[in-house]
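**Student:** Starting off with a structure, shown below.
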Amino acid sequence: MPERRDFIYSATLHLLVMLSFLVTLPSLFHHPIDEEPPIVVQLVNLGPKTMATQRNLTPPVENKPVDVPTPAQKQPTPPTPPTAKVAPPPPPEPKPAEVKLPEPKPALVKAQDKPQPPQDLPKQKQQDIAFDALLKNLAAKKLPQQAAQQANAKPQLSSQPIAPLGPQLSVSELDLVRQQIEQCWNVPAGARDAQNLTPEFRVIMNPDGTVRSATQLNPERNSDPFFQAAADSARRALFNPGCQPLKLPLDKYDQWQTFTITFDPKDIS
Amino acid sequence: MIRRAVLFRSLCAFLLLLAPLTISGPARAELHIDITRGKVEPMPIAIPVFASQDSQTAQNAADITQVLSADLERSGLFKPVDPNAYIDRDPASHIPPRYGDWRTINVQALITGTVAQDADGKLQIEFRLWDVYAEQQLTGLRYTTTQANWRRIAHIIADAVYKRITGEDGYFDTRIVYIAESGPLDRRIKRLAIMDQDGANHKYLTDGKALVLTPRFSPSTQEITYLSYARGTPRVYLFNIDTGQQEVLGEFPGMTFAPRFSPDGNKVIMSIAVGGASVIYTLDLRTHRATQLTDTAAIDTSPGYSPDGSQVVFNSDRGGSQQLYVMNADGGNIKRISFGSGRYGTPVWSPRGDLIAFTKIDNGQFYIGVMHPDGSGERLLTNGFLVEGPTWAPNGRVLMFFRQTPATDRNGRGATSKLYSIDLTGYNEREIVTPGDASDPAWSPLIP
């Protein structure tokens, strides 16, 4: 009888274990199936027309100035800049005396200055030229429109290895955000040695895809006014309301809540 | 025994249950994005009329803002936003602006300023440039000057804004000297004329009795060197803008032409015709000593120095067709640098040293182009029936040239000649408006 009881105990326990396998571990069996859909999406996206080539997915909003109420807060008086102590310039047409003005302390509560959703996405403009054609060359017979069409025709695949990329953020998703930022970056075209102007930033993101902060990783190079100008233009691209929020998959926030980004106009001659 | 086995099996099952919870994902490297492409689009900038204290300074403020706005717009790098779109119509200059108001209307940069008058009647003008997206002041300067000088202040502010945004020195506080043309083609009157780079303050420097050509600015003084037929034979002259004085440069047996200053302003390099050939000479302006640099039976002409003065670029037909050559400043080590199809002429070394601009004639078309001093990277920026005579803005980022259109009838009527500027990208080409026809422009350095 004890054997029989043991047998029943054992059978019950086995049954419980089997049941618990069936009930609590469906993901073990379904796991590969779960992985399938992203792969399928990637294949679709990497076709001749990737999602990343679509621009202005959001319809442009009409450019109407929004009536923002004047802030009621009292504004503290900022320090007055130092006055000029320069001798009168000699006539005729003197070079005027020049005094540097310090930046005034922020006097406004920044409550209403938080990044806002884009009010007016910039329309596709004629000057919206592909990077290859930023420097015109009649000999190359490559008109800007043609170049732009070519740029639109092919998905822009990165020349960089995608190894650092998290395994679940797809190439298409990355391409989409890359092209979005490219649309907001006014390159320092025509600058001397532009290929060396490569500001790099660490970007911290909000979960809604807007940029929370961007810290330049190579600020020591800003002593060069060309580099400083390039860094400023890159920062403007990151904070451009036309690019907010970045088109990142919100469910993969853990993968893009911080990232580094390099602006590298290496194709400029 | 069996109980132990049962317990063991239960433990295994339990561990199996836990297994999925303990397997963690692999450590992931931080995401990195490379942006290697961008766009060229003028930056939307807001320039509200500077604040003022009374009606007199209000007029100055309106004028300065207008000239500043026009300068920045013409550069092709900025797009002043229509003031009707402003939410904050009267932003104070001494406190940070309400950035949100400007972001809303897609303004990326904002210039605020004030114009006041001190006890001596002098203008005190200050401005601040704000980065609307980064929410910071980029630069802020104050100037004290005489009333009459308001226009220069506007150009100087435009230069400061341009420099802060591009990293490059501006070119707005400069002047243009050029040949003003009038009358029918067979009795063309050509006068030396000067104006601000925006066309203001236009003035004729010569009366038009003698034909004048190829004026060039001194890099260091208010002097112009040019070619004049005043004495019958073409001669290189020196003209002082402040005094109006003219003098012939050097006494040579033949005609002298194509003059250009050395970067220090102490020498003029030019061509001298000897028999059927033309060779390159320099003339020291202090000692008046001439030095011959080339010796050839061909035509060497259009010489110009590199900005460091160590090299000279010129065009020559010594190899059969007209091409560009570079040599040391003492005439040694002559190297051909142009190897494309067609003929090349009027080379000019960029003030920043990285490029040489030229005119190219190929297949009946004229082109303005640039190449590196070693001849690589040739790029043609614009073309036409006749485009010629490039001259660099002092920052080496913009070129000016003249463009002629063919006559529309057999008597030669309808032909025009106008000045144009084009930036190095080749996309921002603008006419420089002059009172009449114009040719041979020369850009001054920044006014000292």
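In the structure tokens, chains take the letters A, B, ... in the order shown, each chain's residues start at 1, and ligands count up from 1 in the order shown.
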Could you pull the residues within 9 Å of stretch 218-231 of chain A, counting only C-alpha atoms, minus those fewer than 6 positions along the same chain, as number ranges by chain?

**Tutor:** A: 187-188, 191-192, 194, 196-201, 263; B: 163-168

**Student:** Deliver the residues from the most recent selection as a file, using N, CA and C atoms, as a PDB file, in the first residue's frame.

**Tutor:**
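Listing of part_4.pdb after writing:
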ATOM      1  N   VAL A 187      24.850  71.034 -43.069  1.00  0.00           N
ATOM      2  CA  VAL A 187      26.280  70.718 -43.032  1.00  0.00           C
ATOM      3  C   VAL A 187      27.117  71.968 -43.272  1.00  0.00           C
ATOM      4  N   PRO A 188      28.329  71.975 -42.721  1.00  0.00           N
ATOM      5  CA  PRO A 188      29.214  73.122 -42.955  1.00  0.00           C
ATOM      6  C   PRO A 188      29.811  73.065 -44.356  1.00  0.00           C
ATOM      7  N   ALA A 191      33.293  74.743 -45.998  1.00  0.00           N
ATOM      8  CA  ALA A 191      34.305  75.055 -44.992  1.00  0.00           C
ATOM      9  C   ALA A 191      35.604  74.352 -45.359  1.00  0.00           C
ATOM     10  N   ARG A 192      36.716  74.970 -44.969  1.00  0.00           N
ATOM     11  CA  ARG A 192      38.009  74.388 -45.284  1.00  0.00           C
ATOM     12  C   ARG A 192      38.230  73.156 -44.402  1.00  0.00           C
ATOM     13  N   ALA A 194      36.698  70.467 -44.169  1.00  0.00           N
ATOM     14  CA  ALA A 194      35.439  70.090 -43.526  1.00  0.00           C
ATOM     15  C   ALA A 194      35.451  68.627 -43.099  1.00  0.00           C
ATOM     16  N   ASN A 196      37.518  67.098 -41.490  1.00  0.00           N
ATOM     17  CA  ASN A 196      38.064  66.907 -40.134  1.00  0.00           C
ATOM     18  C   ASN A 196      37.117  67.409 -39.050  1.00  0.00           C
ATOM     19  N   LEU A 197      35.998  67.984 -39.443  1.00  0.00           N
ATOM     20  CA  LEU A 197      35.075  68.562 -38.467  1.00  0.00           C
ATOM     21  C   LEU A 197      34.072  67.493 -38.045  1.00  0.00           C
ATOM     22  N   THR A 198      34.430  66.731 -37.021  1.00  0.00           N
ATOM     23  CA  THR A 198      33.597  65.580 -36.639  1.00  0.00           C
ATOM     24  C   THR A 198      33.178  65.657 -35.175  1.00  0.00           C
ATOM     25  N   PRO A 199      32.246  66.542 -34.849  1.00  0.00           N
ATOM     26  CA  PRO A 199      31.780  66.607 -33.469  1.00  0.00           C
ATOM     27  C   PRO A 199      31.049  65.316 -33.075  1.00  0.00           C
ATOM     28  N   GLU A 200      31.252  64.893 -31.826  1.00  0.00           N
ATOM     29  CA  GLU A 200      30.618  63.673 -31.332  1.00  0.00           C
ATOM     30  C   GLU A 200      29.859  64.005 -30.042  1.00  0.00           C
ATOM     31  N   PHE A 201      28.697  63.411 -29.895  1.00  0.00           N
ATOM     32  CA  PHE A 201      27.845  63.720 -28.745  1.00  0.00           C
ATOM     33  C   PHE A 201      27.379  62.435 -28.061  1.00  0.00           C
ATOM     34  N   PHE A 263      28.843  63.336 -36.113  1.00  0.00           N
ATOM     35  CA  PHE A 263      28.505  64.048 -37.341  1.00  0.00           C
ATOM     36  C   PHE A 263      29.799  64.171 -38.133  1.00  0.00           C
TER      37      PHE A 263
ATOM     38  N   LYS B 163      30.739  84.797 -38.845  1.00  0.00           N
ATOM     39  CA  LYS B 163      31.915  84.116 -38.274  1.00  0.00           C
ATOM     40  C   LYS B 163      31.484  83.114 -37.192  1.00  0.00           C
ATOM     41  N   ARG B 164      30.548  83.523 -36.346  1.00  0.00           N
ATOM     42  CA  ARG B 164      30.151  82.640 -35.248  1.00  0.00           C
ATOM     43  C   ARG B 164      29.404  81.407 -35.762  1.00  0.00           C
ATOM     44  N   ILE B 165      28.632  81.590 -36.828  1.00  0.00           N
ATOM     45  CA  ILE B 165      27.839  80.462 -37.334  1.00  0.00           C
ATOM     46  C   ILE B 165      28.664  79.539 -38.239  1.00  0.00           C
ATOM     47  N   THR B 166      29.585  80.118 -39.042  1.00  0.00           N
ATOM     48  CA  THR B 166      30.324  79.280 -39.999  1.00  0.00           C
ATOM     49  C   THR B 166      31.745  78.981 -39.548  1.00  0.00           C
ATOM     50  N   GLY B 167      32.279  79.761 -38.607  1.00  0.00           N
ATOM     51  CA  GLY B 167      33.677  79.614 -38.224  1.00  0.00           C
ATOM     52  C   GLY B 167      34.604  80.414 -39.117  1.00  0.00           C
ATOM     53  N   GLU B 168      34.067  80.920 -40.207  1.00  0.00           N
ATOM     54  CA  GLU B 168      34.862  81.617 -41.215  1.00  0.00           C
ATOM     55  C   GLU B 168      34.694  83.128 -41.043  1.00  0.00           C
TER      56      GLU B 168
END

**Student:** Pick out the chain B residues within 7 Å of chain A. Count only C-alpha atoms. Give them as a PyMOL selection string.

**Tutor:** chain B and resi 6+13+28-41+85+87+94-96+99-100+104-105+133-134+137+140-145+149+164-168+379-382+397+424-427+448

**Student:** Can those selected residues be exported to a file as a compact mmCIF listing (two decimals), in the first residue's frame so that it contains N, CA and C atoms?

**Tutor:**
# COMPACT_ATOMS: atom_id res chain seq x y z
N VAL B 6 12.12 10.53 -6.47
CA VAL B 6 11.02 11.47 -6.73
C VAL B 6 11.45 12.89 -6.39
N ALA B 13 12.82 19.36 -12.03
CA ALA B 13 11.70 20.07 -12.66
C ALA B 13 11.66 21.51 -12.19
N ARG B 28 25.04 44.50 -23.94
CA ARG B 28 24.93 45.15 -25.24
C ARG B 28 25.79 46.42 -25.25
N ALA B 29 26.56 46.65 -26.34
CA ALA B 29 27.36 47.86 -26.46
C ALA B 29 26.43 49.05 -26.68
N GLU B 30 26.90 50.25 -26.33
CA GLU B 30 26.05 51.43 -26.49
C GLU B 30 25.82 51.68 -27.98
N LEU B 31 24.61 52.07 -28.27
CA LEU B 31 24.24 52.36 -29.66
C LEU B 31 25.04 53.55 -30.17
N HIS B 32 25.55 53.43 -31.40
CA HIS B 32 26.27 54.55 -32.01
C HIS B 32 25.69 54.84 -33.39
N ILE B 33 25.51 56.10 -33.66
CA ILE B 33 24.96 56.50 -34.96
C ILE B 33 25.97 57.42 -35.64
N ASP B 34 26.23 57.17 -36.92
CA ASP B 34 27.10 58.04 -37.71
C ASP B 34 26.25 58.81 -38.69
N ILE B 35 26.36 60.12 -38.64
CA ILE B 35 25.65 60.95 -39.61
C ILE B 35 26.68 61.47 -40.60
N THR B 36 26.60 61.00 -41.82
CA THR B 36 27.61 61.42 -42.81
C THR B 36 26.99 62.22 -43.94
N ARG B 37 25.70 62.45 -43.86
CA ARG B 37 25.04 63.22 -44.90
C ARG B 37 24.23 64.32 -44.23
N GLY B 38 23.92 65.34 -45.01
CA GLY B 38 23.14 66.43 -44.45
C GLY B 38 22.50 67.19 -45.57
N LYS B 39 22.14 68.39 -45.30
CA LYS B 39 21.52 69.19 -46.35
C LYS B 39 22.14 70.58 -46.32
N VAL B 40 22.01 71.28 -47.42
CA VAL B 40 22.42 72.68 -47.45
C VAL B 40 21.16 73.49 -47.57
N GLU B 41 20.86 74.18 -46.52
CA GLU B 41 19.62 74.95 -46.50
C GLU B 41 19.91 76.21 -45.70
N ALA B 85 5.64 86.95 -38.74
CA ALA B 85 5.45 85.66 -38.07
C ALA B 85 5.90 85.71 -36.61
N ILE B 87 6.21 85.99 -32.79
CA ILE B 87 5.28 85.98 -31.66
C ILE B 87 5.70 87.06 -30.68
N HIS B 94 18.79 92.54 -23.53
CA HIS B 94 19.69 92.30 -22.41
C HIS B 94 19.29 91.08 -21.56
N ILE B 95 18.21 90.40 -21.95
CA ILE B 95 17.86 89.17 -21.23
C ILE B 95 17.66 88.06 -22.26
N PRO B 96 17.82 86.80 -21.84
CA PRO B 96 17.60 85.71 -22.79
C PRO B 96 16.18 85.77 -23.35
N TYR B 99 12.76 81.43 -25.72
CA TYR B 99 13.17 80.54 -26.82
C TYR B 99 11.97 79.83 -27.45
N GLY B 100 11.02 79.45 -26.62
CA GLY B 100 9.87 78.71 -27.13
C GLY B 100 9.13 79.48 -28.21
N THR B 104 8.78 77.93 -32.00
CA THR B 104 7.45 77.71 -32.56
C THR B 104 7.39 78.13 -34.02
N ILE B 105 8.10 79.20 -34.37
CA ILE B 105 8.06 79.65 -35.77
C ILE B 105 9.31 79.18 -36.53
N TYR B 133 17.77 76.71 -30.51
CA TYR B 133 17.62 75.29 -30.15
C TYR B 133 18.47 74.93 -28.93
N ALA B 134 19.71 75.43 -28.90
CA ALA B 134 20.60 75.10 -27.78
C ALA B 134 20.36 76.03 -26.59
N GLN B 137 23.50 82.09 -25.61
CA GLN B 137 24.02 83.22 -26.37
C GLN B 137 25.29 82.77 -27.07
N GLY B 140 28.01 88.30 -28.35
CA GLY B 140 27.38 89.59 -28.05
C GLY B 140 28.46 90.65 -28.06
N LEU B 141 28.23 91.74 -28.80
CA LEU B 141 29.26 92.78 -28.93
C LEU B 141 28.61 94.15 -28.89
N ARG B 142 29.39 95.12 -28.44
CA ARG B 142 28.91 96.51 -28.46
C ARG B 142 29.90 97.38 -29.23
N TYR B 143 29.37 98.31 -30.00
CA TYR B 143 30.20 99.21 -30.80
C TYR B 143 29.86 100.65 -30.47
N THR B 144 30.87 101.50 -30.47
CA THR B 144 30.65 102.94 -30.33
C THR B 144 31.21 103.60 -31.57
N THR B 145 30.42 104.42 -32.22
CA THR B 145 30.90 105.00 -33.47
C THR B 145 30.12 106.27 -33.80
N ASN B 149 28.51 106.39 -39.57
CA ASN B 149 29.12 105.08 -39.75
C ASN B 149 28.15 103.91 -39.56
N ARG B 164 30.55 83.52 -36.35
CA ARG B 164 30.15 82.64 -35.25
C ARG B 164 29.40 81.41 -35.76
N ILE B 165 28.63 81.59 -36.83
CA ILE B 165 27.84 80.46 -37.33
C ILE B 165 28.66 79.54 -38.24
N THR B 166 29.58 80.12 -39.04
CA THR B 166 30.32 79.28 -40.00
C THR B 166 31.75 78.98 -39.55
N GLY B 167 32.28 79.76 -38.61
CA GLY B 167 33.68 79.61 -38.22
C GLY B 167 34.60 80.41 -39.12
N GLU B 168 34.07 80.92 -40.21
CA GLU B 168 34.86 81.62 -41.21
C GLU B 168 34.69 83.13 -41.04
N ARG B 379 36.74 71.60 -60.16
CA ARG B 379 35.29 71.66 -60.04
C ARG B 379 34.80 72.90 -60.78
N LEU B 380 33.84 72.75 -61.68
CA LEU B 380 33.33 73.88 -62.44
C LEU B 380 32.03 74.36 -61.79
N LEU B 381 32.01 75.64 -61.42
CA LEU B 381 30.90 76.15 -60.60
C LEU B 381 29.77 76.74 -61.43
N THR B 382 30.13 77.41 -62.52
CA THR B 382 29.08 78.04 -63.33
C THR B 382 29.60 78.19 -64.75
N ARG B 397 35.59 82.05 -49.58
CA ARG B 397 34.42 81.17 -49.66
C ARG B 397 33.45 81.61 -50.74
N LEU B 424 31.24 78.81 -52.83
CA LEU B 424 32.02 77.63 -53.20
C LEU B 424 31.18 76.39 -53.44
N THR B 425 29.97 76.34 -52.88
CA THR B 425 29.14 75.17 -53.15
C THR B 425 28.65 75.20 -54.59
N GLY B 426 28.63 76.39 -55.19
CA GLY B 426 28.19 76.52 -56.58
C GLY B 426 26.70 76.74 -56.73
N TYR B 427 25.97 76.79 -55.62
CA TYR B 427 24.51 76.88 -55.72
C TYR B 427 23.95 78.28 -55.49
N PRO B 448 40.11 97.86 -42.98
CA PRO B 448 40.80 97.89 -41.68
C PRO B 448 40.11 98.84 -40.69

**Student:** Can you measure atom CA of B:Leu238 to atom CA of B:Ala210 for me? One decimal in Å is fine.

**Tutor:**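 Interatomic distance, atom CA of B:Leu238 to atom CA of B:Ala210: 14.6 Å.
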
**Student:** Name the residues of stretch 137-301 of chain B that fall into helix (DSSP H, G or I) according to DSSP on the backbone, using the chain letters and numbers of this document, as a list of chain:residue names.

**Tutor:**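 The helix (DSSP H, G or I) residues within stretch 137-301 of chain B come out as B:Gln147, B:Ala148, B:Asn149, B:Trp150, B:Arg151, B:Arg152, B:Ile153, B:Ala154, B:His155, B:Ile156, B:Ile157, B:Ala158, B:Asp159, B:Ala160, B:Val161, B:Tyr162, B:Lys163, B:Arg164, B:Ile165, B:Thr166, B:Leu185, B:Asp186, B:Arg187.
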
**Student:** Using DSSP secondary structure from the backbone, list all strand (DSSP E or B) positions within stretch 39-161 of chain B, as number ranges by chain.

**Tutor:** B: 39, 43-46, 51-52, 78-80, 109-117, 123-131, 136-145

**Student:** Please produce a file of those selected residues containing C-alpha atoms, as a short mmCIF file (atom, residue, chain, number, x, y, z; two decimals), in the first residue's frame.

**Tutor:**
data_model
loop_
_atom_site.label_atom_id
_atom_site.label_comp_id
_atom_site.auth_asym_id
_atom_site.auth_seq_id
_atom_site.Cartn_x
_atom_site.Cartn_y
_atom_site.Cartn_z
CA LYS B 39 21.52 69.19 -46.35
CA MET B 43 19.37 78.84 -41.63
CA PRO B 44 16.10 80.48 -40.56
CA ILE B 45 17.12 83.54 -38.58
CA ALA B 46 15.02 86.25 -36.90
CA ALA B 51 15.45 98.56 -29.70
CA SER B 52 16.03 102.31 -29.65
CA PHE B 78 20.65 82.52 -43.81
CA LYS B 79 16.96 82.98 -44.41
CA PRO B 80 15.55 85.92 -42.48
CA ALA B 109 19.06 81.79 -34.60
CA LEU B 110 17.93 85.15 -33.26
CA ILE B 111 19.69 88.51 -33.26
CA THR B 112 18.56 91.11 -30.76
CA GLY B 113 20.12 94.52 -30.27
CA THR B 114 19.82 98.10 -29.15
CA VAL B 115 20.80 101.44 -30.61
CA ALA B 116 21.41 104.35 -28.28
CA GLN B 117 23.11 107.71 -28.44
CA LEU B 123 25.96 105.80 -31.56
CA GLN B 124 26.19 102.92 -29.14
CA ILE B 125 25.06 99.77 -30.88
CA GLU B 126 25.00 96.38 -29.25
CA PHE B 127 23.74 93.03 -30.43
CA ARG B 128 23.47 89.46 -29.21
CA LEU B 129 23.23 86.31 -31.30
CA TRP B 130 21.16 83.53 -29.71
CA ASP B 131 21.04 79.84 -30.57
CA GLN B 136 22.40 79.94 -25.37
CA GLN B 137 24.02 83.22 -26.37
CA LEU B 138 26.55 82.61 -29.13
CA THR B 139 28.09 86.03 -29.19
CA GLY B 140 27.38 89.59 -28.05
CA LEU B 141 29.26 92.78 -28.93
CA ARG B 142 28.91 96.51 -28.46
CA TYR B 143 30.20 99.21 -30.80
CA THR B 144 30.65 102.94 -30.33
CA THR B 145 30.90 105.00 -33.47
#

**Student:** Any idea what the distance is between atom CA of B:Asn240 and atom CA of B:Arg187?

**Tutor:** 27.4 Å
